>>> print(open('data-v3.tsv').read())   # TSV, C-alpha atoms
chain	number	residue	atom	x	y	z
A	1	MET	CA	-77.65	15.37	-12.24
A	2	SER	CA	-74.90	16.14	-9.71
A	3	ALA	CA	-71.78	18.07	-10.64
A	4	PHE	CA	-69.66	14.94	-10.15
A	5	SER	CA	-71.88	12.89	-12.46
A	6	ALA	CA	-71.78	15.66	-15.06
A	7	ASP	CA	-67.99	15.66	-14.94
A	8	LEU	CA	-67.92	11.90	-15.51
A	9	VAL	CA	-70.26	12.25	-18.49
A	10	HIS	CA	-68.01	14.94	-19.95
A	11	ALA	CA	-64.92	12.77	-19.44
A	12	ALA	CA	-66.55	9.70	-21.01
A	13	MET	CA	-67.75	11.78	-23.95
A	14	GLU	CA	-64.19	13.11	-24.36
A	15	GLY	CA	-62.95	9.53	-24.73
A	16	VAL	CA	-65.67	8.47	-27.16
A	17	THR	CA	-65.55	11.50	-29.43
A	18	SER	CA	-61.73	11.61	-29.51
A	19	VAL	CA	-61.55	8.04	-30.83
A	20	LEU	CA	-64.58	7.82	-33.08
A	21	PRO	CA	-64.71	10.19	-36.09
A	22	LEU	CA	-66.78	12.63	-34.08
A	23	SER	CA	-65.82	15.97	-32.57
A	24	PRO	CA	-64.89	16.43	-28.88
A	25	ASP	CA	-65.35	20.20	-29.05
A	26	GLY	CA	-68.61	19.97	-30.95
A	27	HIS	CA	-70.15	17.45	-28.56
A	28	ARG	CA	-68.80	19.48	-25.64
A	29	VAL	CA	-70.88	22.40	-26.87
A	30	ALA	CA	-73.96	20.18	-26.96
A	31	LEU	CA	-73.30	18.75	-23.49
A	32	GLN	CA	-72.72	22.14	-21.90
A	33	ILE	CA	-76.18	23.23	-22.99
A	34	TRP	CA	-77.69	20.59	-20.71
A	35	LEU	CA	-75.11	19.76	-18.05
A	36	GLU	CA	-73.23	21.79	-15.49
A	37	GLY	CA	-69.95	20.84	-13.84
A	38	ASP	CA	-68.44	21.95	-10.57
A	39	GLY	CA	-66.11	24.61	-11.95
A	40	HIS	CA	-63.32	22.12	-12.73
A	41	LEU	CA	-64.53	21.11	-16.17
A	42	ASP	CA	-61.35	22.21	-17.94
A	43	HIS	CA	-59.22	20.08	-15.59
A	44	VAL	CA	-61.56	17.11	-15.97
A	45	LEU	CA	-61.33	17.36	-19.75
A	46	ALA	CA	-57.54	17.61	-19.60
A	47	MET	CA	-57.44	14.45	-17.51
A	48	GLY	CA	-59.76	12.86	-20.04
A	49	GLN	CA	-57.32	13.72	-22.82
A	50	VAL	CA	-54.43	12.07	-20.97
A	51	ALA	CA	-56.49	8.94	-20.30
A	52	THR	CA	-57.61	8.86	-23.93
A	53	GLY	CA	-54.01	9.08	-25.11
A	54	ILE	CA	-53.08	6.13	-22.89
A	55	ALA	CA	-56.08	4.18	-24.20
A	56	LEU	CA	-54.99	4.83	-27.79
A	57	ALA	CA	-51.52	3.48	-27.00
A	58	VAL	CA	-53.16	0.33	-25.61
A	59	VAL	CA	-55.49	-0.12	-28.60
A	60	THR	CA	-52.72	0.37	-31.18
A	61	ARG	CA	-49.95	-1.30	-29.15
A	62	ARG	CA	-49.04	-3.93	-31.76
A	63	ARG	CA	-48.65	-1.51	-34.64
A	64	LEU	CA	-47.02	1.05	-32.35
A	65	ALA	CA	-44.43	-1.49	-31.17
A	66	GLN	CA	-43.64	-2.49	-34.76
A	67	ALA	CA	-43.26	1.15	-35.80
A	68	MET	CA	-41.01	1.93	-32.84
A	69	ALA	CA	-38.80	-1.07	-33.55
A	70	ALA	CA	-38.57	-0.12	-37.24
A	71	GLY	CA	-37.79	3.47	-36.31
A	72	LEU	CA	-34.92	2.41	-34.08
A	73	ARG	CA	-33.50	0.14	-36.79
A	74	GLY	CA	-33.95	2.95	-39.27
A	75	LEU	CA	-31.53	5.11	-37.33
A	76	ALA	CA	-28.76	2.74	-38.44
A	77	ARG	CA	-30.25	1.86	-41.84
A	78	PRO	CA	-32.38	4.80	-43.09
A	79	ALA	CA	-33.49	2.82	-46.15
A	80	LEU	CA	-35.70	0.69	-43.88
A	81	LEU	CA	-37.86	3.73	-43.17
A	82	GLN	CA	-39.10	3.73	-46.76
A	83	ASP	CA	-38.68	0.08	-47.78
A	84	THR	CA	-40.87	-1.46	-45.03
A	85	GLU	CA	-44.40	-0.75	-43.89
A	86	PRO	CA	-43.45	-0.42	-40.17
A	87	GLY	CA	-40.70	2.01	-41.22
A	88	ARG	CA	-43.15	4.14	-43.18
A	89	ASP	CA	-45.53	3.98	-40.21
A	90	ALA	CA	-42.79	5.29	-37.94
A	91	VAL	CA	-42.07	8.23	-40.24
A	92	ALA	CA	-45.77	9.02	-40.71
A	93	ILE	CA	-46.47	8.91	-36.96
A	94	VAL	CA	-43.57	11.20	-36.06
A	95	VAL	CA	-44.15	13.67	-38.90
A	96	GLY	CA	-47.93	13.62	-38.48
A	97	ALA	CA	-47.85	14.05	-34.71
A	98	VAL	CA	-45.36	16.94	-34.89
A	99	ALA	CA	-47.41	18.68	-37.59
A	100	ALA	CA	-50.65	18.14	-35.65
A	101	ALA	CA	-49.16	19.48	-32.41
A	102	ILE	CA	-47.74	22.61	-34.07
A	103	VAL	CA	-50.88	23.47	-36.04
A	104	SER	CA	-53.25	22.80	-33.14
A	105	GLN	CA	-51.06	24.84	-30.80
A	106	PHE	CA	-51.22	27.74	-33.24
A	107	LEU	CA	-54.97	27.57	-33.91
A	108	ALA	CA	-56.38	26.49	-30.53
A	109	PRO	CA	-56.26	29.89	-28.76
A	110	THR	CA	-58.41	31.50	-31.48
A	111	MET	CA	-60.96	28.68	-31.26
A	112	VAL	CA	-61.65	28.70	-27.50
A	113	HIS	CA	-64.55	31.18	-27.73
A	114	ASN	CA	-65.83	29.79	-31.03
A	115	ARG	CA	-67.40	26.89	-29.15
A	116	VAL	CA	-70.96	27.87	-29.99
A	117	PRO	CA	-73.82	25.94	-31.63
A	118	LEU	CA	-73.58	27.58	-35.06
A	119	VAL	CA	-69.83	27.01	-35.43
A	120	ALA	CA	-70.15	23.44	-34.16
A	121	ALA	CA	-72.94	22.77	-36.66
A	122	ALA	CA	-70.76	23.92	-39.56
A	123	GLY	CA	-67.94	21.68	-38.34
A	124	PHE	CA	-70.30	18.70	-38.01
A	125	LEU	CA	-71.44	19.14	-41.61
A	126	VAL	CA	-67.88	19.39	-42.94
A	127	THR	CA	-66.89	16.25	-41.03
A	128	ALA	CA	-69.94	14.39	-42.33
A	129	LEU	CA	-69.12	15.37	-45.92
A	130	GLY	CA	-65.51	14.29	-45.45
A	131	LEU	CA	-66.54	10.85	-44.23
A	132	LEU	CA	-69.07	10.55	-47.05
A	133	SER	CA	-66.36	11.37	-49.60
A	134	THR	CA	-64.40	8.25	-48.62
A	135	ALA	CA	-67.03	6.20	-50.45
A	136	TRP	CA	-65.35	7.43	-53.65
A	137	SER	CA	-61.75	7.25	-52.44
A	138	PRO	CA	-59.20	5.31	-54.56
A	139	GLN	CA	-58.93	1.56	-54.23
A	140	PRO	CA	-56.85	0.81	-51.11
A	141	THR	CA	-53.45	-0.65	-51.91
A	142	THR	CA	-51.37	-0.33	-48.73
A	143	ASP	CA	-51.44	-0.31	-44.94
A	144	ALA	CA	-48.67	2.28	-44.57
A	145	PRO	CA	-48.76	5.82	-45.99
A	146	THR	CA	-46.07	7.78	-47.72
A	147	LEU	CA	-44.23	10.61	-45.99
A	148	GLY	CA	-46.42	13.17	-47.78
A	149	ALA	CA	-49.64	11.43	-46.76
A	150	GLY	CA	-48.50	11.26	-43.15
A	151	LEU	CA	-47.69	14.97	-43.18
A	152	LEU	CA	-51.07	15.88	-44.70
A	153	ALA	CA	-52.85	13.68	-42.16
A	154	GLY	CA	-51.05	15.49	-39.34
A	155	LEU	CA	-51.91	18.90	-40.75
A	156	ALA	CA	-55.56	17.88	-41.10
A	157	HIS	CA	-55.54	16.62	-37.52
A	158	GLY	CA	-54.19	19.96	-36.31
A	159	VAL	CA	-56.73	22.02	-38.23
A	160	ALA	CA	-59.54	20.01	-36.61
A	161	VAL	CA	-59.41	22.11	-33.42
A	162	VAL	CA	-62.31	24.02	-35.00
A	163	PRO	CA	-65.45	22.96	-33.08
A	164	GLY	CA	-67.44	20.34	-34.95
A	165	LEU	CA	-64.42	19.05	-36.86
A	166	SER	CA	-63.01	15.70	-35.84
A	167	ALA	CA	-59.25	15.18	-35.71
A	168	THR	CA	-59.72	11.43	-36.12
A	169	ALA	CA	-62.01	11.90	-39.10
A	170	ALA	CA	-59.77	14.52	-40.72
A	171	ALA	CA	-56.67	12.30	-40.61
A	172	PHE	CA	-58.72	9.24	-41.61
A	173	VAL	CA	-60.17	10.97	-44.69
A	174	VAL	CA	-56.73	12.11	-45.85
A	175	LEU	CA	-55.27	8.62	-45.43
A	176	ARG	CA	-58.21	6.95	-47.18
A	177	TRP	CA	-57.72	9.27	-50.15
A	178	SER	CA	-54.05	8.26	-50.07
A	179	SER	CA	-55.09	4.65	-50.80
A	180	VAL	CA	-54.59	3.36	-47.25
A	181	ARG	CA	-56.94	0.57	-46.18
A	182	ARG	CA	-59.81	1.43	-43.83
A	183	TRP	CA	-58.70	0.10	-40.45
A	184	ALA	CA	-55.04	0.83	-41.23
A	185	ALA	CA	-56.03	4.46	-41.90
A	186	ALA	CA	-58.15	4.64	-38.73
A	187	GLU	CA	-55.39	3.06	-36.62
A	188	LEU	CA	-52.76	5.43	-37.97
A	189	ALA	CA	-55.04	8.40	-37.29
A	190	LEU	CA	-55.25	7.23	-33.67
A	191	LEU	CA	-51.46	6.79	-33.49
A	192	ILE	CA	-50.97	10.38	-34.65
A	193	ALA	CA	-53.51	11.59	-32.09
A	194	CYS	CA	-52.01	9.64	-29.17
A	195	PRO	CA	-48.95	11.87	-28.44
A	196	VAL	CA	-50.96	15.03	-29.16
A	197	TYR	CA	-53.59	14.17	-26.54
A	198	LEU	CA	-50.94	13.16	-24.00
A	199	LEU	CA	-49.00	16.38	-24.56
A	200	ASN	CA	-51.98	18.76	-24.44
A	201	GLY	CA	-53.64	17.15	-21.45
A	202	SER	CA	-50.43	16.79	-19.42
A	203	ARG	CA	-49.36	20.36	-20.13
A	204	HIS	CA	-52.70	21.73	-18.96
A	205	LEU	CA	-52.63	19.68	-15.76
A	206	LEU	CA	-49.10	20.82	-14.97
A	207	GLU	CA	-49.98	24.47	-15.54
A	208	ALA	CA	-53.03	24.16	-13.27
A	209	SER	CA	-51.35	21.98	-10.63
A	210	GLY	CA	-52.33	24.34	-7.80
A	211	GLN	CA	-56.00	24.53	-8.77
A	212	LEU	CA	-56.85	20.91	-9.51
A	213	PRO	CA	-59.96	19.29	-7.98
A	214	ALA	CA	-59.78	16.39	-5.54
A	215	SER	CA	-57.75	13.42	-6.70
A	216	GLY	CA	-60.86	11.24	-6.58
A	217	VAL	CA	-62.53	13.40	-9.22
A	218	LEU	CA	-59.50	13.19	-11.51
A	219	VAL	CA	-59.15	9.43	-11.07
A	220	ALA	CA	-62.84	8.89	-11.79
A	221	ALA	CA	-62.64	11.13	-14.87
A	222	ALA	CA	-59.56	9.30	-16.15
A	223	THR	CA	-61.25	5.93	-15.65
A	224	ALA	CA	-64.40	7.04	-17.45
A	225	ALA	CA	-62.43	8.45	-20.39
A	226	PHE	CA	-60.15	5.39	-20.63
A	227	VAL	CA	-62.99	2.85	-20.64
A	228	ALA	CA	-65.03	4.93	-23.06
A	229	ALA	CA	-62.06	5.27	-25.43
A	230	ILE	CA	-61.39	1.51	-25.39
A	231	LEU	CA	-65.04	0.73	-26.19
A	232	ALA	CA	-65.14	3.43	-28.88
A	233	ALA	CA	-62.06	1.92	-30.54
A	234	ALA	CA	-63.84	-1.45	-30.74
A	235	VAL	CA	-66.84	0.23	-32.36
A	236	TRP	CA	-64.55	2.11	-34.78
A	237	ARG	CA	-62.85	-1.17	-35.76
A	238	ALA	CA	-66.25	-2.80	-36.40
A	239	LEU	CA	-67.36	0.12	-38.58
A	240	CYS	CA	-64.18	-0.13	-40.64
A	241	ASP	CA	-64.47	-3.91	-41.05
A	242	ARG	CA	-68.06	-3.53	-42.22
A	243	GLN	CA	-67.27	-0.58	-44.49
A	244	ALA	CA	-69.84	1.46	-42.60
A	245	THR	CA	-67.75	4.50	-41.68
A	246	VAL	CA	-69.79	6.78	-43.95
A	247	PHE	CA	-72.86	6.20	-41.78
A	248	VAL	CA	-71.27	8.11	-38.92
A	249	GLY	CA	-72.00	11.15	-41.07
A	250	VAL	CA	-75.74	10.58	-40.54
A	251	TRP	CA	-75.37	11.20	-36.81
A	252	LEU	CA	-73.19	14.25	-37.42
A	253	ALA	CA	-75.65	15.72	-39.92
A	254	THR	CA	-78.53	15.20	-37.48
A	255	LEU	CA	-76.57	16.82	-34.67
A	256	ALA	CA	-75.66	19.73	-36.95
A	257	LEU	CA	-79.32	20.41	-37.73
A	258	SER	CA	-80.16	20.28	-34.03
A	259	ALA	CA	-77.35	22.72	-33.24
A	260	ILE	CA	-78.56	25.11	-35.94
A	261	ALA	CA	-82.09	24.96	-34.57
A	262	TYR	CA	-80.82	25.68	-31.06
A	263	ASP	CA	-78.71	28.58	-32.29
A	264	ARG	CA	-81.75	30.08	-34.04
A	265	ALA	CA	-83.65	29.94	-30.75
A	266	LEU	CA	-81.06	31.97	-28.80
A	267	PRO	CA	-81.97	35.58	-27.95
A	268	ALA	CA	-78.86	36.85	-29.79
A	269	PRO	CA	-77.63	34.22	-32.27
A	270	ALA	CA	-73.89	34.33	-32.96
A	271	GLU	CA	-73.19	34.50	-36.67
A	272	ALA	CA	-69.99	36.53	-37.00
A	273	LEU	CA	-66.70	34.73	-37.62
A	274	PRO	CA	-63.98	34.70	-36.57
A	275	ILE	CA	-64.55	35.48	-32.92
A	276	GLU	CA	-61.35	36.48	-31.16
A	277	ALA	CA	-60.38	34.69	-27.98
A	278	ARG	CA	-59.63	36.81	-24.96
A	279	ALA	CA	-56.04	37.14	-23.82
A	280	GLY	CA	-55.01	34.42	-21.43
A	281	SER	CA	-57.08	31.67	-23.04
A	282	ASP	CA	-55.71	28.21	-22.55
A	283	PRO	CA	-53.38	27.49	-25.50
A	284	ALA	CA	-54.34	23.82	-25.36
A	285	GLY	CA	-57.91	24.82	-26.26
A	286	ILE	CA	-59.46	23.05	-23.28
A	287	ARG	CA	-60.70	25.85	-21.06
A	288	THR	CA	-64.36	26.76	-20.97
A	289	ASP	CA	-65.89	30.06	-19.90
A	290	ARG	CA	-69.23	30.11	-18.14
A	291	GLY	CA	-69.15	33.84	-17.49
A	292	ALA	CA	-69.96	35.16	-20.95
A	293	ASN	CA	-71.65	34.19	-24.16
A	294	VAL	CA	-69.89	34.08	-27.50
A	295	LEU	CA	-70.01	37.82	-28.01
A	296	GLY	CA	-68.56	38.51	-24.57
A	297	SER	CA	-71.79	40.07	-23.34
A	298	ARG	CA	-73.73	39.13	-20.25
A	299	THR	CA	-74.88	35.54	-19.86
A	300	MET	CA	-78.27	34.84	-21.43
A	301	THR	CA	-81.04	33.17	-19.43
A	302	PRO	CA	-83.95	32.05	-21.67
A	303	CYS	CA	-87.38	31.23	-20.24
A	304	GLY	CA	-86.27	31.74	-16.65
A	305	LYS	CA	-83.96	28.74	-16.69
A	306	ARG	CA	-80.33	28.61	-15.61
A	307	PRO	CA	-77.75	30.58	-17.66
A	308	LEU	CA	-76.59	28.94	-20.84
A	309	ALA	CA	-73.17	27.33	-20.49
A	310	ILE	CA	-71.80	27.85	-23.96
>>> encode(input="data-v3.tsv", output="structure tokens")
Amino acid sequence: MSAFSADLVHAAMEGVTSVLPLSPDGHRVALQIWLEGDGHLDHVLAMGQVATGIALAVVTRRRLAQAMAAGLRGLARPALLQDTEPGRDAVAIVVGAVAAAIVSQFLAPTMVHNRVPLVAAAGFLVTALGLLSTAWSPQPTTDAPTLGAGLLAGLAHGVAVVPGLSATAAAFVVLRWSSVRRWAAAELALLIACPVYLLNGSRHLLEASGQLPASGVLVAAATAAFVAAILAAAVWRALCDRQATVFVGVWLATLALSAIAYDRALPAPAEALPIEARAGSDPAGIRTDRGANVLGSRTMTPCGKRPLAI
């Protein structure tokens, strides 16, 4: 596969795994085992984040417009922010997005070099268990969360920068346990993620403005991520309508076992946590490093094949 095709696959996977209750970082680890980019993978992924954020705004446009209108009216009549569902949505989106951005900004630098099979496997299993737990969540009674539930969903979203954890799944699980209906919980999780993805991706692109690849590569990556995110949102809606969200955990559990098996096959498996990120790591948590393995030692080359891109 060419470097350009690999970049498109990475961008499309970024869109899919950012919308579905999967893990972008965890699947990125799996993809990098098999695919190589052209040295601009971090920029491609940043562009994918921006395109995914735009796609989320398109998918949730009706609820987003209602929340924005209620938020503006709430500036004059604060009682509307608690007495109406769009008002509570507006509060939850703002509080959740701010909490997610702050927590992810704080944790992301320490997670950059934790993108290894064993860590991703642990995150996959935790995400799978979280989705499975929603089968016993309280009976749903509302489409709009309380202020506390919105804050907790945002905090959970921010913590999910750990590879293998899914920000969408983390916020969704919290909202489901707060008695929010399935698709309403999924949609609100996407609304919280939307500004976070736009902020992180845009900031990275601005910081790397002098080192970006050709505009054609970025446009193609954005298109792949946008289309993939739109299609993933349709799948996510279908899973919620059919009460089949817990079955996503089956895929995550299978991928976790595969990641564990791969980690056991490495010449020097990485088992120590936490692993400190080197100074200068991208604070948005996007950058990859092909020059060293997880322990910072020389790159490993098993069986005479190309170096592992982990």
>>> atom_distance(input="data-v3.tsv", atom1="atom CA of A:Leu212", atom2="atom CA of A:Asp42")
9.6 Å
>>> closest_residue(input="data-v3.tsv", among="A:Gly53, A:Gly130, A:Pro117, A:Gly15", to="A:Val250", atoms="only C-alpha atoms")
A:Gly130
>>> atom_distance(input="data-v3.tsv", atom1="atom CA of A:Ile192", atom2="atom CA of A:Leu151")
10.2 Å
>>> closest_atom_pairs(input="data-v3.tsv", of="stretch 71-110 of chain A", to="stretch 175-184 of chain A", cutoff="12 Å", atoms="only C-alpha atoms", output="Markdown table")
| residue | atom | partner | partner_atom | distance |
| --- | --- | --- | --- | --- |
| A:Glu85 | CA | A:Ala184 | CA | 11.1 |
| A:Pro86 | CA | A:Ala184 | CA | 11.7 |
| A:Asp89 | CA | A:Ala184 | CA | 10.1 |
| A:Ala92 | CA | A:Leu175 | CA | 10.6 |
| A:Gly96 | CA | A:Leu175 | CA | 11.3 |
>>> atom_distance(input="data-v3.tsv", atom1="atom CA of A:Pro109", atom2="atom CA of A:Ala171")
21.2 Å
>>> residues_around(input="data-v3.tsv", residues="A:Ala101", least_positions_apart="2", cutoff="10 Å", atoms="only C-alpha atoms", output="PyMOL selection string")
chain A and resi 96-99+103-106+154-155+157-159+192-193+195-197+199-200+284
>>> closest_residue(input="data-v3.tsv", among="A:Pro145, A:Gly48, A:Gly210, A:Pro21", to="A:Phe124", atoms="only C-alpha atoms")
A:Pro21
>>> closest_residue(input="data-v3.tsv", among="A:Ala221, A:Ala120, A:Ala232, A:Ala70", to="A:Ser258", atoms="all atoms listed in the file")
A:Ala120
>>> closest_residue(input="data-v3.tsv", among="A:Arg62, A:Ala128, A:Phe247, A:Gly201", to="A:Leu45", atoms="only C-alpha atoms")
A:Gly201
>>> closest_residue(input="data-v3.tsv", among="A:Val126, A:Leu22, A:Val162, A:Ile260", to="A:Val248", atoms="all atoms listed in the file")
A:Leu22
>>> residues_around(input="data-v3.tsv", residues="A:Thr52", least_positions_apart="5", cutoff="12 Å", atoms="only C-alpha atoms", output="CSV table (one decimal) with C-alpha atoms, in the coordinates of the input")
chain,number,residue,atom,x,y,z
A,11,ALA,CA,-64.9,12.8,-19.4
A,12,ALA,CA,-66.6,9.7,-21.0
A,13,MET,CA,-67.8,11.8,-24.0
A,14,GLU,CA,-64.2,13.1,-24.4
A,15,GLY,CA,-63.0,9.5,-24.7
A,16,VAL,CA,-65.7,8.5,-27.2
A,17,THR,CA,-65.6,11.5,-29.4
A,18,SER,CA,-61.7,11.6,-29.5
A,19,VAL,CA,-61.6,8.0,-30.8
A,20,LEU,CA,-64.6,7.8,-33.1
A,24,PRO,CA,-64.9,16.4,-28.9
A,45,LEU,CA,-61.3,17.4,-19.8
A,46,ALA,CA,-57.5,17.6,-19.6
A,47,MET,CA,-57.4,14.4,-17.5
A,57,ALA,CA,-51.5,3.5,-27.0
A,58,VAL,CA,-53.2,0.3,-25.6
A,59,VAL,CA,-55.5,-0.1,-28.6
A,190,LEU,CA,-55.2,7.2,-33.7
A,191,LEU,CA,-51.5,6.8,-33.5
A,193,ALA,CA,-53.5,11.6,-32.1
A,194,CYS,CA,-52.0,9.6,-29.2
A,195,PRO,CA,-49.0,11.9,-28.4
A,196,VAL,CA,-51.0,15.0,-29.2
A,197,TYR,CA,-53.6,14.2,-26.5
A,198,LEU,CA,-50.9,13.2,-24.0
A,199,LEU,CA,-49.0,16.4,-24.6
A,200,ASN,CA,-52.0,18.8,-24.4
A,201,GLY,CA,-53.6,17.2,-21.4
A,202,SER,CA,-50.4,16.8,-19.4
A,221,ALA,CA,-62.6,11.1,-14.9
A,222,ALA,CA,-59.6,9.3,-16.2
A,223,THR,CA,-61.2,5.9,-15.6
A,224,ALA,CA,-64.4,7.0,-17.4
A,225,ALA,CA,-62.4,8.4,-20.4
A,226,PHE,CA,-60.2,5.4,-20.6
A,227,VAL,CA,-63.0,2.8,-20.6
A,228,ALA,CA,-65.0,4.9,-23.1
A,229,ALA,CA,-62.1,5.3,-25.4
A,230,ILE,CA,-61.4,1.5,-25.4
A,231,LEU,CA,-65.0,0.7,-26.2
A,232,ALA,CA,-65.1,3.4,-28.9
A,233,ALA,CA,-62.1,1.9,-30.5
>>> build_atoms(input="data-v3.tsv", residues="stretch 161-177 of chain A", atoms="N, CA and C atoms", output="PDB file, in the frame of the given file")
ATOM      1  N   VAL A 161     -59.056  21.494 -34.713  1.00  0.00           N
ATOM      2  CA  VAL A 161     -59.410  22.110 -33.420  1.00  0.00           C
ATOM      3  C   VAL A 161     -60.641  22.989 -33.567  1.00  0.00           C
ATOM      4  N   VAL A 162     -61.065  23.269 -34.788  1.00  0.00           N
ATOM      5  CA  VAL A 162     -62.310  24.020 -35.000  1.00  0.00           C
ATOM      6  C   VAL A 162     -63.471  23.182 -34.479  1.00  0.00           C
ATOM      7  N   PRO A 163     -64.330  23.732 -33.623  1.00  0.00           N
ATOM      8  CA  PRO A 163     -65.450  22.960 -33.080  1.00  0.00           C
ATOM      9  C   PRO A 163     -66.298  22.327 -34.180  1.00  0.00           C
ATOM     10  N   GLY A 164     -66.650  21.072 -33.971  1.00  0.00           N
ATOM     11  CA  GLY A 164     -67.440  20.340 -34.950  1.00  0.00           C
ATOM     12  C   GLY A 164     -66.592  19.489 -35.874  1.00  0.00           C
ATOM     13  N   LEU A 165     -65.328  19.875 -36.080  1.00  0.00           N
ATOM     14  CA  LEU A 165     -64.420  19.050 -36.860  1.00  0.00           C
ATOM     15  C   LEU A 165     -63.838  17.956 -35.982  1.00  0.00           C
ATOM     16  N   SER A 166     -63.578  16.818 -36.575  1.00  0.00           N
ATOM     17  CA  SER A 166     -63.010  15.700 -35.840  1.00  0.00           C
ATOM     18  C   SER A 166     -61.590  15.446 -36.313  1.00  0.00           C
ATOM     19  N   ALA A 167     -60.635  15.448 -35.365  1.00  0.00           N
ATOM     20  CA  ALA A 167     -59.250  15.180 -35.710  1.00  0.00           C
ATOM     21  C   ALA A 167     -59.095  13.764 -36.261  1.00  0.00           C
ATOM     22  N   THR A 168     -59.775  12.810 -35.636  1.00  0.00           N
ATOM     23  CA  THR A 168     -59.720  11.430 -36.120  1.00  0.00           C
ATOM     24  C   THR A 168     -60.271  11.327 -37.528  1.00  0.00           C
ATOM     25  N   ALA A 169     -61.414  11.953 -37.768  1.00  0.00           N
ATOM     26  CA  ALA A 169     -62.010  11.900 -39.100  1.00  0.00           C
ATOM     27  C   ALA A 169     -61.150  12.605 -40.133  1.00  0.00           C
ATOM     28  N   ALA A 170     -60.574  13.753 -39.769  1.00  0.00           N
ATOM     29  CA  ALA A 170     -59.770  14.520 -40.720  1.00  0.00           C
ATOM     30  C   ALA A 170     -58.562  13.708 -41.189  1.00  0.00           C
ATOM     31  N   ALA A 171     -57.825  13.120 -40.237  1.00  0.00           N
ATOM     32  CA  ALA A 171     -56.670  12.300 -40.610  1.00  0.00           C
ATOM     33  C   ALA A 171     -57.107  11.055 -41.369  1.00  0.00           C
ATOM     34  N   PHE A 172     -58.212  10.446 -40.957  1.00  0.00           N
ATOM     35  CA  PHE A 172     -58.720   9.240 -41.610  1.00  0.00           C
ATOM     36  C   PHE A 172     -59.076   9.524 -43.065  1.00  0.00           C
ATOM     37  N   VAL A 173     -59.766  10.628 -43.312  1.00  0.00           N
ATOM     38  CA  VAL A 173     -60.170  10.970 -44.690  1.00  0.00           C
ATOM     39  C   VAL A 173     -58.950  11.172 -45.578  1.00  0.00           C
ATOM     40  N   VAL A 174     -57.949  11.890 -45.068  1.00  0.00           N
ATOM     41  CA  VAL A 174     -56.730  12.110 -45.850  1.00  0.00           C
ATOM     42  C   VAL A 174     -56.048  10.790 -46.179  1.00  0.00           C
ATOM     43  N   LEU A 175     -55.946   9.903 -45.218  1.00  0.00           N
ATOM     44  CA  LEU A 175     -55.270   8.620 -45.430  1.00  0.00           C
ATOM     45  C   LEU A 175     -56.073   7.720 -46.363  1.00  0.00           C
ATOM     46  N   ARG A 176     -57.388   7.764 -46.270  1.00  0.00           N
ATOM     47  CA  ARG A 176     -58.210   6.950 -47.180  1.00  0.00           C
ATOM     48  C   ARG A 176     -58.028   7.441 -48.623  1.00  0.00           C
ATOM     49  N   TRP A 177     -57.945   8.742 -48.814  1.00  0.00           N
ATOM     50  CA  TRP A 177     -57.720   9.270 -50.150  1.00  0.00           C
ATOM     51  C   TRP A 177     -56.275   9.061 -50.613  1.00  0.00           C
TER      52      TRP A 177
END
